[in-house]
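**Q** As input, take input.pdb (PDB, C-alpha atoms, pLDDT in the B column):
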ATOM      1  CA  MET A   1      52.382  14.744 -22.125  1.00 62.00           C
ATOM      2  CA  PHE A   2      49.619  12.654 -23.721  1.00 72.00           C
ATOM      3  CA  LYS A   3      45.940  13.330 -23.186  1.00 78.00           C
ATOM      4  CA  THR A   4      43.423  10.511 -23.262  1.00 81.00           C
ATOM      5  CA  ASN A   5      42.022   9.825 -26.710  1.00 88.00           C
ATOM      6  CA  LYS A   6      38.216   9.956 -26.661  1.00 91.00           C
ATOM      7  CA  ILE A   7      37.827   7.330 -29.385  1.00 93.00           C
ATOM      8  CA  ILE A   8      40.074   4.863 -27.572  1.00 94.00           C
ATOM      9  CA  MET A   9      38.351   5.505 -24.241  1.00 95.00           C
ATOM     10  CA  VAL A  10      34.912   4.982 -25.797  1.00 96.00           C
ATOM     11  CA  LEU A  11      36.046   1.667 -27.333  1.00 96.00           C
ATOM     12  CA  ILE A  12      37.410   0.503 -23.986  1.00 97.00           C
ATOM     13  CA  LEU A  13      34.390   1.580 -21.932  1.00 97.00           C
ATOM     14  CA  VAL A  14      31.872   0.145 -24.403  1.00 97.00           C
ATOM     15  CA  SER A  15      33.761  -3.153 -24.316  1.00 97.00           C
ATOM     16  CA  ILE A  16      33.803  -3.216 -20.498  1.00 97.00           C
ATOM     17  CA  VAL A  17      30.121  -2.307 -20.154  1.00 97.00           C
ATOM     18  CA  ALA A  18      29.089  -4.845 -22.811  1.00 97.00           C
ATOM     19  CA  THR A  19      31.113  -7.511 -20.994  1.00 97.00           C
ATOM     20  CA  ILE A  20      29.347  -6.761 -17.709  1.00 96.00           C
ATOM     21  CA  LEU A  21      25.949  -6.948 -19.422  1.00 96.00           C
ATOM     22  CA  ILE A  22      26.719 -10.279 -21.070  1.00 94.00           C
ATOM     23  CA  TYR A  23      28.586 -11.752 -18.104  1.00 94.00           C
ATOM     24  CA  GLY A  24      25.529 -13.598 -16.758  1.00 92.00           C
ATOM     25  CA  ASN A  25      25.138 -15.451 -20.066  1.00 91.00           C
ATOM     26  CA  LEU A  26      28.678 -16.805 -20.075  1.00 93.00           C
ATOM     27  CA  PRO A  27      29.261 -20.452 -19.173  1.00 92.00           C
ATOM     28  CA  ASP A  28      31.225 -21.239 -16.018  1.00 92.00           C
ATOM     29  CA  LYS A  29      34.284 -22.021 -18.122  1.00 91.00           C
ATOM     30  CA  ILE A  30      35.511 -19.976 -21.067  1.00 90.00           C
ATOM     31  CA  PRO A  31      38.400 -20.677 -23.501  1.00 87.00           C
ATOM     32  CA  PHE A  32      41.731 -19.424 -22.275  1.00 83.00           C
ATOM     33  CA  HIS A  33      44.279 -20.756 -24.773  1.00 84.00           C
ATOM     34  CA  TRP A  34      44.444 -22.315 -28.231  1.00 83.00           C
ATOM     35  CA  ASN A  35      47.130 -24.528 -29.769  1.00 81.00           C
ATOM     36  CA  ILE A  36      48.754 -23.758 -33.115  1.00 74.00           C
ATOM     37  CA  GLN A  37      45.987 -25.686 -34.888  1.00 73.00           C
ATOM     38  CA  GLY A  38      43.347 -23.361 -33.456  1.00 74.00           C
ATOM     39  CA  GLU A  39      41.986 -25.917 -30.989  1.00 80.00           C
ATOM     40  CA  ILE A  40      41.123 -24.928 -27.416  1.00 83.00           C
ATOM     41  CA  ASP A  41      43.595 -26.546 -25.029  1.00 83.00           C
ATOM     42  CA  ALA A  42      42.953 -24.585 -21.822  1.00 86.00           C
ATOM     43  CA  TRP A  43      39.909 -23.171 -20.033  1.00 88.00           C
ATOM     44  CA  ALA A  44      39.435 -20.559 -17.309  1.00 90.00           C
ATOM     45  CA  ASN A  45      36.688 -19.515 -14.919  1.00 93.00           C
ATOM     46  CA  LYS A  46      34.373 -16.964 -16.521  1.00 93.00           C
ATOM     47  CA  ILE A  47      35.569 -14.310 -14.074  1.00 94.00           C
ATOM     48  CA  PHE A  48      38.708 -14.263 -16.232  1.00 93.00           C
ATOM     49  CA  SER A  49      36.622 -12.378 -18.818  1.00 94.00           C
ATOM     50  CA  LEU A  50      36.493  -9.382 -16.460  1.00 95.00           C
ATOM     51  CA  PHE A  51      40.286  -9.317 -16.390  1.00 95.00           C
ATOM     52  CA  THR A  52      40.566  -9.428 -20.191  1.00 95.00           C
ATOM     53  CA  ALA A  53      37.904  -6.695 -20.368  1.00 97.00           C
ATOM     54  CA  ILE A  54      39.902  -4.234 -18.258  1.00 97.00           C
ATOM     55  CA  LEU A  55      43.314  -5.267 -19.636  1.00 97.00           C
ATOM     56  CA  PRO A  56      43.097  -2.839 -22.615  1.00 97.00           C
ATOM     57  CA  LEU A  57      42.405  -0.014 -20.154  1.00 97.00           C
ATOM     58  CA  GLY A  58      45.489  -0.938 -18.121  1.00 96.00           C
ATOM     59  CA  ILE A  59      47.627  -1.095 -21.265  1.00 96.00           C
ATOM     60  CA  TYR A  60      46.308   2.263 -22.459  1.00 96.00           C
ATOM     61  CA  LEU A  61      46.870   4.065 -19.146  1.00 95.00           C
ATOM     62  CA  MET A  62      50.369   2.610 -18.924  1.00 94.00           C
ATOM     63  CA  MET A  63      51.190   3.875 -22.428  1.00 94.00           C
ATOM     64  CA  ILE A  64      49.831   7.326 -21.599  1.00 93.00           C
ATOM     65  CA  TYR A  65      51.966   7.761 -18.493  1.00 92.00           C
ATOM     66  CA  LEU A  66      55.068   5.876 -19.653  1.00 92.00           C
ATOM     67  CA  PRO A  67      56.565   8.868 -21.533  1.00 92.00           C
ATOM     68  CA  ALA A  68      56.490  10.931 -18.341  1.00 90.00           C
ATOM     69  CA  ILE A  69      59.006   8.619 -16.628  1.00 92.00           C
ATOM     70  CA  ASP A  70      61.200   7.924 -19.655  1.00 92.00           C
ATOM     71  CA  PRO A  71      64.596   9.707 -19.331  1.00 92.00           C
ATOM     72  CA  ARG A  72      64.270  10.594 -23.013  1.00 92.00           C
ATOM     73  CA  ARG A  73      60.709  11.882 -22.727  1.00 91.00           C
ATOM     74  CA  GLU A  74      61.391  14.653 -25.230  1.00 93.00           C
ATOM     75  CA  SER A  75      61.542  12.015 -27.989  1.00 94.00           C
ATOM     76  CA  TYR A  76      57.825  11.340 -27.573  1.00 93.00           C
ATOM     77  CA  LEU A  77      57.034  14.851 -28.757  1.00 91.00           C
ATOM     78  CA  LYS A  78      58.889  14.038 -31.990  1.00 93.00           C
ATOM     79  CA  HIS A  79      57.094  10.742 -32.619  1.00 94.00           C
ATOM     80  CA  LYS A  80      53.768  11.721 -31.062  1.00 93.00           C
ATOM     81  CA  LYS A  81      51.705  10.670 -34.102  1.00 93.00           C
ATOM     82  CA  ALA A  82      53.318   7.246 -34.347  1.00 95.00           C
ATOM     83  CA  TYR A  83      52.958   6.658 -30.617  1.00 95.00           C
ATOM     84  CA  GLY A  84      49.287   7.594 -30.758  1.00 94.00           C
ATOM     85  CA  ILE A  85      48.726   5.084 -33.560  1.00 95.00           C
ATOM     86  CA  PHE A  86      50.586   2.416 -31.580  1.00 95.00           C
ATOM     87  CA  MET A  87      48.258   3.022 -28.648  1.00 95.00           C
ATOM     88  CA  MET A  88      45.181   2.748 -30.851  1.00 95.00           C
ATOM     89  CA  ILE A  89      46.267  -0.436 -32.639  1.00 96.00           C
ATOM     90  CA  LEU A  90      47.438  -2.211 -29.472  1.00 96.00           C
ATOM     91  CA  VAL A  91      44.292  -1.395 -27.517  1.00 97.00           C
ATOM     92  CA  SER A  92      42.117  -2.480 -30.454  1.00 96.00           C
ATOM     93  CA  PHE A  93      44.062  -5.732 -30.744  1.00 97.00           C
ATOM     94  CA  PHE A  94      43.529  -6.661 -27.096  1.00 97.00           C
ATOM     95  CA  ILE A  95      39.853  -5.728 -27.271  1.00 97.00           C
ATOM     96  CA  LEU A  96      39.561  -8.033 -30.279  1.00 96.00           C
ATOM     97  CA  LEU A  97      41.233 -10.879 -28.378  1.00 94.00           C
ATOM     98  CA  HIS A  98      38.868 -10.304 -25.467  1.00 96.00           C
ATOM     99  CA  TRP A  99      35.774 -10.527 -27.641  1.00 96.00           C
ATOM    100  CA  ILE A 100      37.022 -13.622 -29.409  1.00 94.00           C
ATOM    101  CA  VAL A 101      37.074 -15.283 -25.986  1.00 92.00           C
ATOM    102  CA  ILE A 102      33.608 -13.934 -25.130  1.00 94.00           C
ATOM    103  CA  LEU A 103      31.948 -14.905 -28.408  1.00 93.00           C
ATOM    104  CA  ILE A 104      33.415 -18.399 -28.429  1.00 91.00           C
ATOM    105  CA  GLY A 105      32.364 -18.719 -24.790  1.00 88.00           C
ATOM    106  CA  ILE A 106      28.711 -18.064 -25.604  1.00 91.00           C
ATOM    107  CA  GLY A 107      28.713 -20.474 -28.510  1.00 87.00           C
ATOM    108  CA  TYR A 108      29.784 -18.629 -31.664  1.00 88.00           C
ATOM    109  CA  GLN A 109      31.959 -20.557 -34.098  1.00 88.00           C
ATOM    110  CA  ILE A 110      35.050 -18.467 -34.801  1.00 88.00           C
ATOM    111  CA  SER A 111      38.080 -19.685 -36.720  1.00 87.00           C
ATOM    112  CA  VAL A 112      40.842 -18.630 -34.341  1.00 88.00           C
ATOM    113  CA  SER A 113      43.460 -20.153 -36.630  1.00 85.00           C
ATOM    114  CA  ARG A 114      42.423 -17.608 -39.265  1.00 89.00           C
ATOM    115  CA  ILE A 115      41.517 -14.463 -37.365  1.00 91.00           C
ATOM    116  CA  ILE A 116      44.491 -14.419 -34.978  1.00 90.00           C
ATOM    117  CA  PRO A 117      47.272 -14.678 -37.626  1.00 91.00           C
ATOM    118  CA  ILE A 118      45.499 -12.110 -39.812  1.00 94.00           C
ATOM    119  CA  SER A 119      45.100  -9.766 -36.826  1.00 95.00           C
ATOM    120  CA  ILE A 120      48.741 -10.187 -35.857  1.00 94.00           C
ATOM    121  CA  GLY A 121      49.697  -9.517 -39.472  1.00 95.00           C
ATOM    122  CA  LEU A 122      47.761  -6.250 -39.551  1.00 96.00           C
ATOM    123  CA  LEU A 123      49.285  -5.270 -36.207  1.00 96.00           C
ATOM    124  CA  LEU A 124      52.807  -5.880 -37.526  1.00 96.00           C
ATOM    125  CA  ILE A 125      52.143  -3.967 -40.739  1.00 97.00           C
ATOM    126  CA  VAL A 126      50.854  -0.898 -38.897  1.00 97.00           C
ATOM    127  CA  ILE A 127      53.697  -0.962 -36.377  1.00 96.00           C
ATOM    128  CA  GLY A 128      56.266  -1.518 -39.133  1.00 96.00           C
ATOM    129  CA  ASN A 129      54.868   1.349 -41.177  1.00 96.00           C
ATOM    130  CA  TYR A 130      55.458   3.847 -38.346  1.00 96.00           C
ATOM    131  CA  MET A 131      58.518   2.302 -36.727  1.00 96.00           C
ATOM    132  CA  GLY A 132      60.890   4.519 -38.685  1.00 95.00           C
ATOM    133  CA  GLN A 133      59.384   7.569 -36.938  1.00 96.00           C
ATOM    134  CA  ILE A 134      60.283   6.383 -33.440  1.00 96.00           C
ATOM    135  CA  ARG A 135      63.023   8.479 -31.873  1.00 95.00           C
ATOM    136  CA  PRO A 136      65.531   7.159 -29.299  1.00 96.00           C
ATOM    137  CA  ASN A 137      63.940   6.343 -25.950  1.00 95.00           C
ATOM    138  CA  TYR A 138      64.107   3.675 -23.267  1.00 93.00           C
ATOM    139  CA  SER A 139      60.523   2.423 -23.270  1.00 90.00           C
ATOM    140  CA  MET A 140      59.605   1.377 -26.807  1.00 92.00           C
ATOM    141  CA  GLY A 141      61.147   0.481 -30.128  1.00 94.00           C
ATOM    142  CA  ILE A 142      64.077  -1.754 -31.050  1.00 95.00           C
ATOM    143  CA  LYS A 143      66.324  -1.499 -28.019  1.00 94.00           C
ATOM    144  CA  THR A 144      69.661  -3.229 -28.482  1.00 95.00           C
ATOM    145  CA  PRO A 145      72.924  -2.094 -26.841  1.00 95.00           C
ATOM    146  CA  TRP A 146      73.936  -0.546 -30.153  1.00 96.00           C
ATOM    147  CA  THR A 147      70.728   1.334 -31.000  1.00 97.00           C
ATOM    148  CA  LEU A 148      70.723   2.826 -27.497  1.00 95.00           C
ATOM    149  CA  ALA A 149      74.378   3.806 -27.833  1.00 94.00           C
ATOM    150  CA  ASP A 150      74.166   5.622 -31.161  1.00 95.00           C
ATOM    151  CA  LYS A 151      71.372   7.725 -32.673  1.00 95.00           C
ATOM    152  CA  THR A 152      72.326   6.888 -36.273  1.00 96.00           C
ATOM    153  CA  VAL A 153      72.241   3.159 -35.531  1.00 97.00           C
ATOM    154  CA  TRP A 154      68.840   3.639 -33.886  1.00 97.00           C
ATOM    155  CA  THR A 155      67.448   5.427 -36.951  1.00 96.00           C
ATOM    156  CA  LYS A 156      68.813   2.939 -39.506  1.00 96.00           C
ATOM    157  CA  THR A 157      67.782  -0.092 -37.461  1.00 97.00           C
ATOM    158  CA  HIS A 158      64.212   1.175 -37.064  1.00 97.00           C
ATOM    159  CA  ARG A 159      63.887   1.850 -40.779  1.00 96.00           C
ATOM    160  CA  VAL A 160      65.125  -1.630 -41.665  1.00 96.00           C
ATOM    161  CA  GLY A 161      63.162  -3.155 -38.795  1.00 96.00           C
ATOM    162  CA  GLY A 162      60.011  -1.438 -39.982  1.00 96.00           C
ATOM    163  CA  LEU A 163      60.313  -3.047 -43.409  1.00 96.00           C
ATOM    164  CA  ALA A 164      61.000  -6.427 -41.802  1.00 95.00           C
ATOM    165  CA  PHE A 165      57.889  -6.085 -39.623  1.00 96.00           C
ATOM    166  CA  ILE A 166      55.766  -5.228 -42.651  1.00 96.00           C
ATOM    167  CA  LEU A 167      57.071  -8.284 -44.505  1.00 94.00           C
ATOM    168  CA  SER A 168      56.343 -10.450 -41.465  1.00 95.00           C
ATOM    169  CA  GLY A 169      52.851  -8.990 -41.283  1.00 95.00           C
ATOM    170  CA  PHE A 170      52.036 -10.007 -44.836  1.00 95.00           C
ATOM    171  CA  ILE A 171      53.338 -13.515 -44.165  1.00 94.00           C
ATOM    172  CA  PHE A 172      51.053 -13.773 -41.125  1.00 93.00           C
ATOM    173  CA  ILE A 173      48.068 -12.614 -43.186  1.00 94.00           C
ATOM    174  CA  ILE A 174      48.816 -15.174 -45.890  1.00 93.00           C
ATOM    175  CA  ALA A 175      49.158 -17.848 -43.193  1.00 89.00           C
ATOM    176  CA  GLY A 176      45.746 -16.896 -41.827  1.00 90.00           C
ATOM    177  CA  ILE A 177      44.086 -16.951 -45.229  1.00 91.00           C
ATOM    178  CA  VAL A 178      45.634 -20.295 -46.149  1.00 88.00           C
ATOM    179  CA  ASN A 179      44.802 -21.581 -42.654  1.00 78.00           C
ATOM    180  CA  GLN A 180      47.344 -24.384 -42.718  1.00 77.00           C
ATOM    181  CA  LEU A 181      49.630 -25.404 -39.863  1.00 78.00           C
ATOM    182  CA  ALA A 182      52.702 -25.136 -42.090  1.00 80.00           C
ATOM    183  CA  GLY A 183      51.836 -21.534 -42.948  1.00 79.00           C
ATOM    184  CA  PHE A 184      51.478 -20.515 -39.318  1.00 80.00           C
ATOM    185  CA  VAL A 185      54.757 -22.229 -38.397  1.00 85.00           C
ATOM    186  CA  MET A 186      56.452 -20.370 -41.260  1.00 86.00           C
ATOM    187  CA  ALA A 187      55.027 -17.059 -39.989  1.00 86.00           C
ATOM    188  CA  VAL A 188      56.273 -17.682 -36.451  1.00 86.00           C
ATOM    189  CA  CYS A 189      59.704 -18.706 -37.751  1.00 91.00           C
ATOM    190  CA  THR A 190      59.795 -15.493 -39.775  1.00 91.00           C
ATOM    191  CA  ILE A 191      59.398 -13.462 -36.594  1.00 91.00           C
ATOM    192  CA  PHE A 192      62.353 -15.245 -35.004  1.00 93.00           C
ATOM    193  CA  LEU A 193      64.470 -14.639 -38.101  1.00 94.00           C
ATOM    194  CA  VAL A 194      63.466 -10.973 -38.160  1.00 93.00           C
ATOM    195  CA  VAL A 195      64.478 -10.540 -34.525  1.00 93.00           C
ATOM    196  CA  ILE A 196      67.861 -12.173 -35.179  1.00 96.00           C
ATOM    197  CA  TYR A 197      68.383 -10.098 -38.329  1.00 95.00           C
ATOM    198  CA  ILE A 198      67.523  -6.797 -36.630  1.00 96.00           C
ATOM    199  CA  PHE A 199      69.789  -7.616 -33.688  1.00 96.00           C
ATOM    200  CA  ALA A 200      72.685  -8.469 -36.004  1.00 96.00           C
ATOM    201  CA  TYR A 201      71.997  -5.451 -38.239  1.00 97.00           C
ATOM    202  CA  SER A 202      72.240  -3.015 -35.326  1.00 97.00           C
ATOM    203  CA  PHE A 203      75.513  -4.621 -34.196  1.00 96.00           C
ATOM    204  CA  PHE A 204      77.192  -4.426 -37.602  1.00 96.00           C
ATOM    205  CA  GLU A 205      75.953  -0.873 -38.230  1.00 95.00           C
ATOM    206  CA  TYR A 206      77.442   0.179 -34.911  1.00 96.00           C
ATOM    207  CA  LYS A 207      80.759  -1.481 -35.790  1.00 94.00           C
ATOM    208  CA  LYS A 208      80.707   0.209 -39.175  1.00 91.00           C
ATOM    209  CA  ILE A 209      80.221   3.644 -37.616  1.00 87.00           C
ATOM    210  CA  LYS A 210      82.554   3.250 -34.663  1.00 81.00           C
ATOM    211  CA  GLY A 211      85.131   1.238 -36.550  1.00 68.00           C
TER
END
What's the structure tokens form of this structure?

**A**
Amino acid sequence: MFKTNKIIMVLILVSIVATILIYGNLPDKIPFHWNIQGEIDAWANKIFSLFTAILPLGIYLMMIYLPAIDPRRESYLKHKKAYGIFMMILVSFFILLHWIVILIGIGYQISVSRIIPISIGLLLIVIGNYMGQIRPNYSMGIKTPWTLADKTVWTKTHRVGGLAFILSGFIFIIAGIVNQLAGFVMAVCTIFLVVIYIFAYSFFEYKKIKG
């Protein structure tokens, strides 16, 4: 149903090849996790960098073949553009995360507490902008019992959810620019509130329609 995108494949392969070339220069331990203040609190063996290098490829191949096994595979033809953009933005995001690990590992000073929230914000904005185009399916989107049960509820929930994601994205970007712990906590709390709101919205819309 979906052919491989040459641009995405080039990005992935260049990242993998560059990782292999630089692998010998990596220290034995590389950063694996950061706390909410942007401080490294966990390390991994450098071989972990090979896993994070091929992870975007695994995600991309999974997203290519997922529509073929979805019972509502015909929906992907209707939201093909949005799905293609989702693939591009998700793969790019994980490549970015991989290279943050690599660059910090070889000694570059990168403000994770800034770049990660801003990157997440951009990811949410892009996803939110196209979420309203997603048609009912079982593999992606806002899947609650009520969106899966009714097409109208699905459509309304994704439109509202898209706006909520965009709002959350801007809050994450602001949190990254401000680079304060309180801002990041507020951004994370916003995500939880958005999830609760979307869940409740789909329930009440379903009740409204079905009486």

**Q** Near stretch 105-112 of chain A, counting all atoms listed in the file, which residues have an atom at most 6 Å away, once you skip same-chain residues fewer than 6 positions from it, shown as number ranges by chain?

**A** A: 26, 30, 38

**Q** Selection in question (the file shown): the PyMOL selection byres ((chain A and resi 80) around 12). Which residues does it include, as a ChimeraX atom specification?

**A** /A:1-3,63-64,67,73-79,81-87,130-131,133-135

**Q** Write a file of the just-selected residues containing C-alpha atoms, as an mmCIF file, in the coordinates of the input.

**A**
data_model
loop_
_atom_site.group_PDB
_atom_site.id
_atom_site.type_symbol
_atom_site.label_atom_id
_atom_site.label_comp_id
_atom_site.auth_asym_id
_atom_site.auth_seq_id
_atom_site.Cartn_x
_atom_site.Cartn_y
_atom_site.Cartn_z
ATOM 1 C CA MET A 1 52.382 14.744 -22.125
ATOM 2 C CA PHE A 2 49.619 12.654 -23.721
ATOM 3 C CA LYS A 3 45.940 13.330 -23.186
ATOM 4 C CA MET A 63 51.190 3.875 -22.428
ATOM 5 C CA ILE A 64 49.831 7.326 -21.599
ATOM 6 C CA PRO A 67 56.565 8.868 -21.533
ATOM 7 C CA ARG A 73 60.709 11.882 -22.727
ATOM 8 C CA GLU A 74 61.391 14.653 -25.230
ATOM 9 C CA SER A 75 61.542 12.015 -27.989
ATOM 10 C CA TYR A 76 57.825 11.340 -27.573
ATOM 11 C CA LEU A 77 57.034 14.851 -28.757
ATOM 12 C CA LYS A 78 58.889 14.038 -31.990
ATOM 13 C CA HIS A 79 57.094 10.742 -32.619
ATOM 14 C CA LYS A 81 51.705 10.670 -34.102
ATOM 15 C CA ALA A 82 53.318 7.246 -34.347
ATOM 16 C CA TYR A 83 52.958 6.658 -30.617
ATOM 17 C CA GLY A 84 49.287 7.594 -30.758
ATOM 18 C CA ILE A 85 48.726 5.084 -33.560
ATOM 19 C CA PHE A 86 50.586 2.416 -31.580
ATOM 20 C CA MET A 87 48.258 3.022 -28.648
ATOM 21 C CA TYR A 130 55.458 3.847 -38.346
ATOM 22 C CA MET A 131 58.518 2.302 -36.727
ATOM 23 C CA GLN A 133 59.384 7.569 -36.938
ATOM 24 C CA ILE A 134 60.283 6.383 -33.440
ATOM 25 C CA ARG A 135 63.023 8.479 -31.873
#

**Q** Scan for residues within 12 Å of the point (77.7, -0.1, -39.7) in the coordinates of the file, using only C-alpha atoms, and reply as a short mmCIF file (atom, residue, chain, number, x, y, z; two decimals) with C-alpha atoms, in the coordinates of the input.

**A**
data_model
loop_
_atom_site.label_atom_id
_atom_site.label_comp_id
_atom_site.auth_asym_id
_atom_site.auth_seq_id
_atom_site.Cartn_x
_atom_site.Cartn_y
_atom_site.Cartn_z
CA TRP A 146 73.94 -0.55 -30.15
CA THR A 147 70.73 1.33 -31.00
CA ASP A 150 74.17 5.62 -31.16
CA THR A 152 72.33 6.89 -36.27
CA VAL A 153 72.24 3.16 -35.53
CA TRP A 154 68.84 3.64 -33.89
CA THR A 155 67.45 5.43 -36.95
CA LYS A 156 68.81 2.94 -39.51
CA THR A 157 67.78 -0.09 -37.46
CA ALA A 200 72.68 -8.47 -36.00
CA TYR A 201 72.00 -5.45 -38.24
CA SER A 202 72.24 -3.02 -35.33
CA PHE A 203 75.51 -4.62 -34.20
CA PHE A 204 77.19 -4.43 -37.60
CA GLU A 205 75.95 -0.87 -38.23
CA TYR A 206 77.44 0.18 -34.91
CA LYS A 207 80.76 -1.48 -35.79
CA LYS A 208 80.71 0.21 -39.17
CA ILE A 209 80.22 3.64 -37.62
CA LYS A 210 82.55 3.25 -34.66
CA GLY A 211 85.13 1.24 -36.55
#

**Q** Pull out every residue that the PyMOL selection byres ((chain A and resi 175) around 12) matches in the shown coordinates and put them as a ChimeraX atom specification.

**A** /A:36-37,113-121,168-174,176-190

**Q** To one decimal place, how far is atom CA of A:Trp99 from atom CA of A:Leu61 in Å?

**A** 20.2 Å

**Q** What is the distance between atom CA of A:Ile7 and atom CA of A:Tyr60, in Å to one decimal?

**A** 12.1 Å

**Q** Would you kindly return, as number ranges by chain, each protein, DNA or RNA residue with an atom no farther than 8 Å from any atom of A:Val194, considering only C-alpha atoms and excluding same-chain residues fewer than 5 positions away?

**A** A: 161, 164-165, 168

**Q** Restricting the calculation to all atoms listed in the file: of A:Phe94, A:Tyr138, A:Phe51, A:Phe192, which residue gets closest to A:Ile69?

**A**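 With all atoms listed in the file as the atom set, the closest residue is A:Tyr138.
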